[in-house]
Structure formats: C-alpha cells, structure tokens
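S.K.: I'd like to ask some things about the structure below.
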Amino acid sequence: MKKCIIFALTLSLVLSAVTGAMAAFPTVKAPGSFEVDTIWSIDWDDPFYEFGINYNNNSDDFFAWGKYYLNDFTFADLFVGEDYFNLNGSYLFDNGFFIGGAFIDDNDQDCFIIAPGYRFSLGERSYVALGLNYFDYDDDEEFAFDINSKLYFDDARLIANLLIPEDSPIELYIEPTFKISEDVVVGGALGYLEDADEELAVAAGLTWQPENWIVDTILAFNYNHADAYYFKVGGLYTFNNQFGIGADISKLEDTDTEFALKFKYQFDEKSDLKFYYEFEAENLTLTYFSNF
C-alpha cells in the first residue's frame with residue numbers, strides 16, 4: 001500500500017527528527033498543542049482549542065491549522081496548505097465506543113481513513129483502546145488492528161501504541177515519563193518499524209523547571225533508516241508569569257546546527273500566544289491556544 005503523509009508541526013513531536021521517517025501508516029490520533037517548552041511531562045491534556053500558522057521562507061510553503069480537543073477520542077483537527085488538506089476527527093460515545101475518520105488530499109492524491117473502536121476505561125484518564133482502521137488510498141485498500149493505551153500513575157505516565165497492518169510493517173511506540181522531583185521530569189521514547197531494515201529509534205531527555213525557568217533536553221538515535229543522532233537543548237524564562245523568552249539549539253547528524261528563538265505570552269491562566277522561529281530553516285510558527 002502506498003503511504004499517506006501526515007504533517008505534524010507540534011513541537012512535542014521533535015522526536016520526528018529521528019522517528020518521523022518511521023511513520024509508514026497514517027492513523028487518526030488526537031491533536032496535541034504546539035509547545036515551545038515542556039517536552040517531557042506526566043500531565044494530561046485539558047480540553048483546548050488552538051489556531052496556528054507556519055511559513056517556511058526556504059520553500060515558500062504556508063500552512064494553517066485549527067484544533068479542537070475534548071479528550072483523546074473526541075476531537076477535530078484541520079490542517080491546510082497550498083497543495084495539502086487534512087481533516088480528521090473522532091467522537092467517543094457514552095458506552096465506550098468511538099468512531100474516527102480522516103480525509104487527506106496531498107498533491108491530488110487522496111487518502112480516506114475510518115477507524116471505529118472501543119475504549120476500556122482504567123480509572124481517571126487511563127485507558128486501553130482497541131480499534132480497526134480501514135485505509136483507502138486511491139485504488140489501494142488495507143485494514144489495520146490498532147491498540148492504544150495511556151496509563152497515569154502518581155508520578156509517572158506510560159503511552160504505548162501498537163499498529164498491526166494487514167500487508168504493511170508493524171509499528172510500535174512506547175513513551176514512559178517519570179517525575180523524579182518537584183522540578184524535574186525525565187522521559188524516553190522507543191519507536192520500532194518492522195520493515196526490511198527492522199528500524200528502531202530511541203530517545204531520552206528531561207524537563208527541568210527551576211523557579212521562572214523551563215529547560216528542555218533531548219537526545220535521540222535512529223538505527224537502520226537514517227542512522228542519525230539528534231540532540232536539542234532549550235530554555236525559556238518567564239517574566240511575571242506572563243511573558244516568556246527563550247532559545248533552542250539543536251543538531252541532526254549531517255545537517256547544520258539549528259538555532260531557534262521563541263516567545264510565549266500568557267493572556268491569563270487559560271490562553272496564550274506562542275512564537276517560534278528557526279534561523280537555519282527560516283521557519284516561522286505562530287499559534288493562539290486556549291483551554292475551555
């Protein structure tokens with residue numbers, strides 16, 4: 001089956017620098033907010049909506065998106081560009097069943113997904129969900145069995161996802177995070193793609209929040225696909241719990257070092273405006289976020 005490419009601009013998916021190439025299959029996943037800080041966390045997402053734009057001066061590409069998130073199984077996500085359109089969403093019924101779907105138009109190549117399933121509740125916010133995904137790409141069709149889980153503990157969180165397609169490589173993703181003190185959360189991620197190269201990607205890092213600072217680090221490796229390492233160190237300082245300014249430095253093997261400048265302005269406890277600019281890539285992202 002041919003591959004549908006889903007763009008992900010969420011900064012928390014910085015892991016995509018080494019794991020993004022492993023996404024052989026599109027799936028209907030809940031959107032995350034664009035972050036300029038706090039890569040690693042054990043928190044859950046409160047309901048939110050977000051609007052954002054992204055412009056790359058090198059390629060002259062422009063994208064815009066809107067997100068509505070109630071929970072991991074009730075959401076709507078729209079992403080549009082000059083030659084790209086992605087609309088996906090899901091709805092969770094009171095009895096535990098959910099139905100998700102997506103339509104993707106990438107350079108006039110269409111992909112349609114429908115993904116029904118059932119969520120087993122394991123307490124507050126914790127769950128295991130089973131789904132059967134149907135993919136229709138032009139004249140190609142395929143089914144996949146999907147297992148998604150998110151488990152919360154007192155000082156830890158575990159995300160584990162397994163996708164078993166009918167005729168394509170199996171995909172596995174595991175992300176544990178631990179709060180080891182009031183100021184420090186450490187985390188890791190493992191991605192595995194059962195293709196011809198048996199591709200494996202691993203990452204680890206921490207988020208440290210002393211007083212008005214937030215410091216993020218990540219170190220990642222990809223084996224057999226890109227055979228590349230990736231690291232990132234970033235910091236954000238907040239003045240008066242309202243205006244924050246910071247910078248990131250990152251490096252993907254065999255590419256130039258990337259320096260980024262970032263700003264965050266909090267209107268109140270629920271809403272903020274974020275700005276992120278990467279100098280080497282000449283890539284600008286601006287978002288408005290609000291809880292509700």
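Chain labels run A, B, ... following the order of the structure tokens; each chain numbers its residues from 1, and ligands are numbered from 1 in the order shown.
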Skip Tyr55 of chain A itself and residues of its chain fewer than 3 positions away, then list as a PyMOL selection string all residues within 12 Å of it, counting only C-alpha atoms.

M.R.: chain A and resi 9+52+58-65+81-82+275-278+281-287

S.K.: Just the number, please: distance in Å from atom CA of Ile170 of chain A to atom CA of Ala220 of chain A, one decimal.

M.R.: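 These atoms are spaced 21.2 Å apart.
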
S.K.: Can you tell me which residues surround Gly191 of chain A at a distance of at most 7 Å, considering only C-alpha atoms, apart from same-chain residues fewer than 4 positions away, and format the answer as JSON, numbers by chain?

M.R.: {"A": [19, 172, 173, 174, 200, 201, 202]}

S.K.: When distances are computed from only C-alpha atoms, which of A:Gly32, A:Gly123, A:Gly131, A:Gly188 shows the smallest separation from Ile99 of chain A?

M.R.: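 Looking only at the distances to Ile99 of chain A, the closest residue turns out to be A:Gly131.
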
S.K.: Using only C-alpha atoms, pick whichever of A:Val184, A:Leu130, A:Leu70, A:Ile249 has the shortest atom-to-atom distance to Leu163 of chain A.

M.R.: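 For Leu163 of chain A, the nearest of the candidates is A:Leu130.
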
S.K.: If we count only C-alpha atoms and set the cut-off at 10 Å, which residues sit around segment 205-215 of chain A, ignoring sequence neighbours fewer than 5 positions away in its own chain? Please answer as a tab-separated table (two decimals) with N, CA, C and O atoms, in the first residue's frame.

M.R.:
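The file below, out-v2.tsv, is the result:
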chain	number	residue	atom	x	y	z
A	36	VAL	N	6.38	25.42	23.06
A	36	VAL	CA	7.74	25.97	22.97
A	36	VAL	C	8.52	25.65	24.23
A	36	VAL	O	9.62	26.16	24.45
A	37	ASP	N	7.93	24.85	25.09
A	37	ASP	CA	8.59	24.41	26.32
A	37	ASP	C	7.97	23.10	26.77
A	37	ASP	O	7.03	22.60	26.16
A	38	THR	N	8.51	22.51	27.82
A	38	THR	CA	7.95	21.33	28.47
A	38	THR	C	7.76	20.16	27.50
A	38	THR	O	6.65	19.72	27.21
A	39	ILE	N	8.89	19.66	26.98
A	39	ILE	CA	8.84	18.49	26.10
A	39	ILE	C	8.36	17.26	26.86
A	39	ILE	O	7.52	16.50	26.38
A	40	TRP	N	8.88	17.07	28.07
A	40	TRP	CA	8.56	15.86	28.85
A	40	TRP	C	7.60	16.22	29.97
A	40	TRP	O	7.81	17.18	30.70
A	41	SER	N	6.54	15.43	30.14
A	41	SER	CA	5.53	15.73	31.13
A	41	SER	C	4.77	14.47	31.50
A	41	SER	O	4.69	13.52	30.72
A	177	THR	N	7.33	8.41	31.04
A	177	THR	CA	7.86	9.62	31.67
A	177	THR	C	7.67	9.51	33.18
A	177	THR	O	6.69	8.94	33.65
A	178	PHE	N	8.64	10.09	33.92
A	178	PHE	CA	8.65	9.97	35.37
A	178	PHE	C	8.97	11.33	36.00
A	178	PHE	O	9.88	12.03	35.55
A	179	LYS	N	8.24	11.70	37.02
A	179	LYS	CA	8.53	12.89	37.79
A	179	LYS	C	9.40	12.48	38.96
A	179	LYS	O	8.94	11.85	39.91
A	181	SER	N	11.34	14.65	40.86
A	181	SER	CA	11.33	15.66	41.91
A	181	SER	C	10.29	16.70	41.54
A	181	SER	O	9.65	16.62	40.49
A	182	GLU	N	10.12	17.72	42.38
A	182	GLU	CA	9.13	18.75	42.11
A	182	GLU	C	9.45	19.53	40.83
A	182	GLU	O	8.56	20.07	40.19
A	183	ASP	N	10.74	19.56	40.46
A	183	ASP	CA	11.17	20.39	39.33
A	183	ASP	C	11.60	19.60	38.11
A	183	ASP	O	11.82	20.20	37.05
A	184	VAL	N	11.73	18.29	38.22
A	184	VAL	CA	12.35	17.52	37.14
A	184	VAL	C	11.46	16.36	36.70
A	184	VAL	O	11.00	15.56	37.53
A	185	VAL	N	11.23	16.28	35.38
A	185	VAL	CA	10.57	15.13	34.76
A	185	VAL	C	11.53	14.55	33.73
A	185	VAL	O	12.09	15.28	32.91
A	186	VAL	N	11.76	13.25	33.79
A	186	VAL	CA	12.61	12.57	32.80
A	186	VAL	C	11.73	11.67	31.96
A	186	VAL	O	10.68	11.18	32.40
A	187	GLY	N	12.14	11.47	30.72
A	187	GLY	CA	11.33	10.65	29.83
A	187	GLY	C	12.16	9.96	28.77
A	187	GLY	O	13.35	10.24	28.60
A	188	GLY	N	11.50	9.06	28.09
A	188	GLY	CA	12.14	8.34	27.00
A	188	GLY	C	11.10	7.91	25.99
A	188	GLY	O	9.89	7.98	26.24
A	189	ALA	N	11.55	7.50	24.83
A	189	ALA	CA	10.64	7.03	23.78
A	189	ALA	C	11.36	5.98	22.95
A	189	ALA	O	12.58	6.06	22.74
A	220	ALA	N	18.51	11.66	20.85
A	220	ALA	CA	17.82	10.58	20.16
A	220	ALA	C	18.70	9.96	19.09
A	220	ALA	O	19.62	10.60	18.56
A	231	PHE	N	20.10	15.89	18.85
A	231	PHE	CA	20.05	16.43	20.21
A	231	PHE	C	19.47	17.82	20.19
A	231	PHE	O	19.53	18.54	19.18
A	232	LYS	N	18.91	18.20	21.32
A	232	LYS	CA	18.34	19.52	21.46
A	232	LYS	C	18.44	19.96	22.91
A	232	LYS	O	18.21	19.17	23.84
A	233	VAL	N	18.79	21.24	23.12
A	233	VAL	CA	18.78	21.87	24.43
A	233	VAL	C	18.06	23.20	24.28
A	233	VAL	O	18.37	23.98	23.36
A	234	GLY	N	17.10	23.46	25.15
A	234	GLY	CA	16.35	24.71	25.05
A	234	GLY	C	15.99	25.25	26.41
A	234	GLY	O	15.94	24.51	27.41
A	235	GLY	N	15.74	26.54	26.46
A	235	GLY	CA	15.34	27.17	27.71
A	235	GLY	C	14.37	28.31	27.47
A	235	GLY	O	14.42	28.97	26.42
A	236	LEU	N	13.49	28.54	28.43
A	236	LEU	CA	12.52	29.63	28.36
A	236	LEU	C	12.44	30.28	29.74
A	236	LEU	O	12.27	29.59	30.75
A	237	TYR	N	12.59	31.61	29.77
A	237	TYR	CA	12.49	32.35	31.03
A	237	TYR	C	11.22	33.20	30.99
A	237	TYR	O	10.98	33.93	30.03
A	238	THR	N	10.40	33.10	32.05
A	238	THR	CA	9.12	33.81	32.10
A	238	THR	C	9.20	34.97	33.09
A	238	THR	O	9.60	34.78	34.25
A	239	PHE	N	8.82	36.15	32.62
A	239	PHE	CA	8.78	37.34	33.45
A	239	PHE	C	7.37	37.52	34.01
A	239	PHE	O	6.39	37.53	33.26
A	240	ASN	N	7.25	37.65	35.32
A	240	ASN	CA	5.96	37.94	35.95
A	240	ASN	C	4.88	36.93	35.57
A	240	ASN	O	3.70	37.28	35.49
A	241	ASN	N	5.29	35.70	35.32
A	241	ASN	CA	4.35	34.63	34.96
A	241	ASN	C	3.48	34.98	33.76
A	241	ASN	O	2.36	34.47	33.61
A	244	GLY	N	7.31	35.20	28.29
A	244	GLY	CA	8.49	34.35	28.31
A	244	GLY	C	9.30	34.50	27.04
A	244	GLY	O	8.74	34.69	25.95
A	245	ILE	N	10.61	34.42	27.17
A	245	ILE	CA	11.51	34.47	26.03
A	245	ILE	C	12.58	33.40	26.21
A	245	ILE	O	13.02	33.13	27.32
A	246	GLY	N	12.97	32.79	25.10
A	246	GLY	CA	13.97	31.73	25.21
A	246	GLY	C	14.56	31.37	23.86
A	246	GLY	O	14.30	32.02	22.84
A	247	ALA	N	15.34	30.30	23.86
A	247	ALA	CA	16.02	29.86	22.65
A	247	ALA	C	16.27	28.36	22.72
A	247	ALA	O	16.31	27.77	23.80
A	248	ASP	N	16.40	27.76	21.54
A	248	ASP	CA	16.76	26.35	21.40
A	248	ASP	C	17.98	26.23	20.51
A	248	ASP	O	18.17	27.02	19.58

S.K.: When DSSP works through the backbone of this structure, what residues of segment 56-278 of chain A end up as strand (DSSP E or B), shown as a ChimeraX atom specification?

M.R.: /A:56,61-71,74-81,84-92,97-106,109-121,127-137,140-153,156-165,171-179,184-193,199-208,213-223,229-239,243-252,258-266,271-278
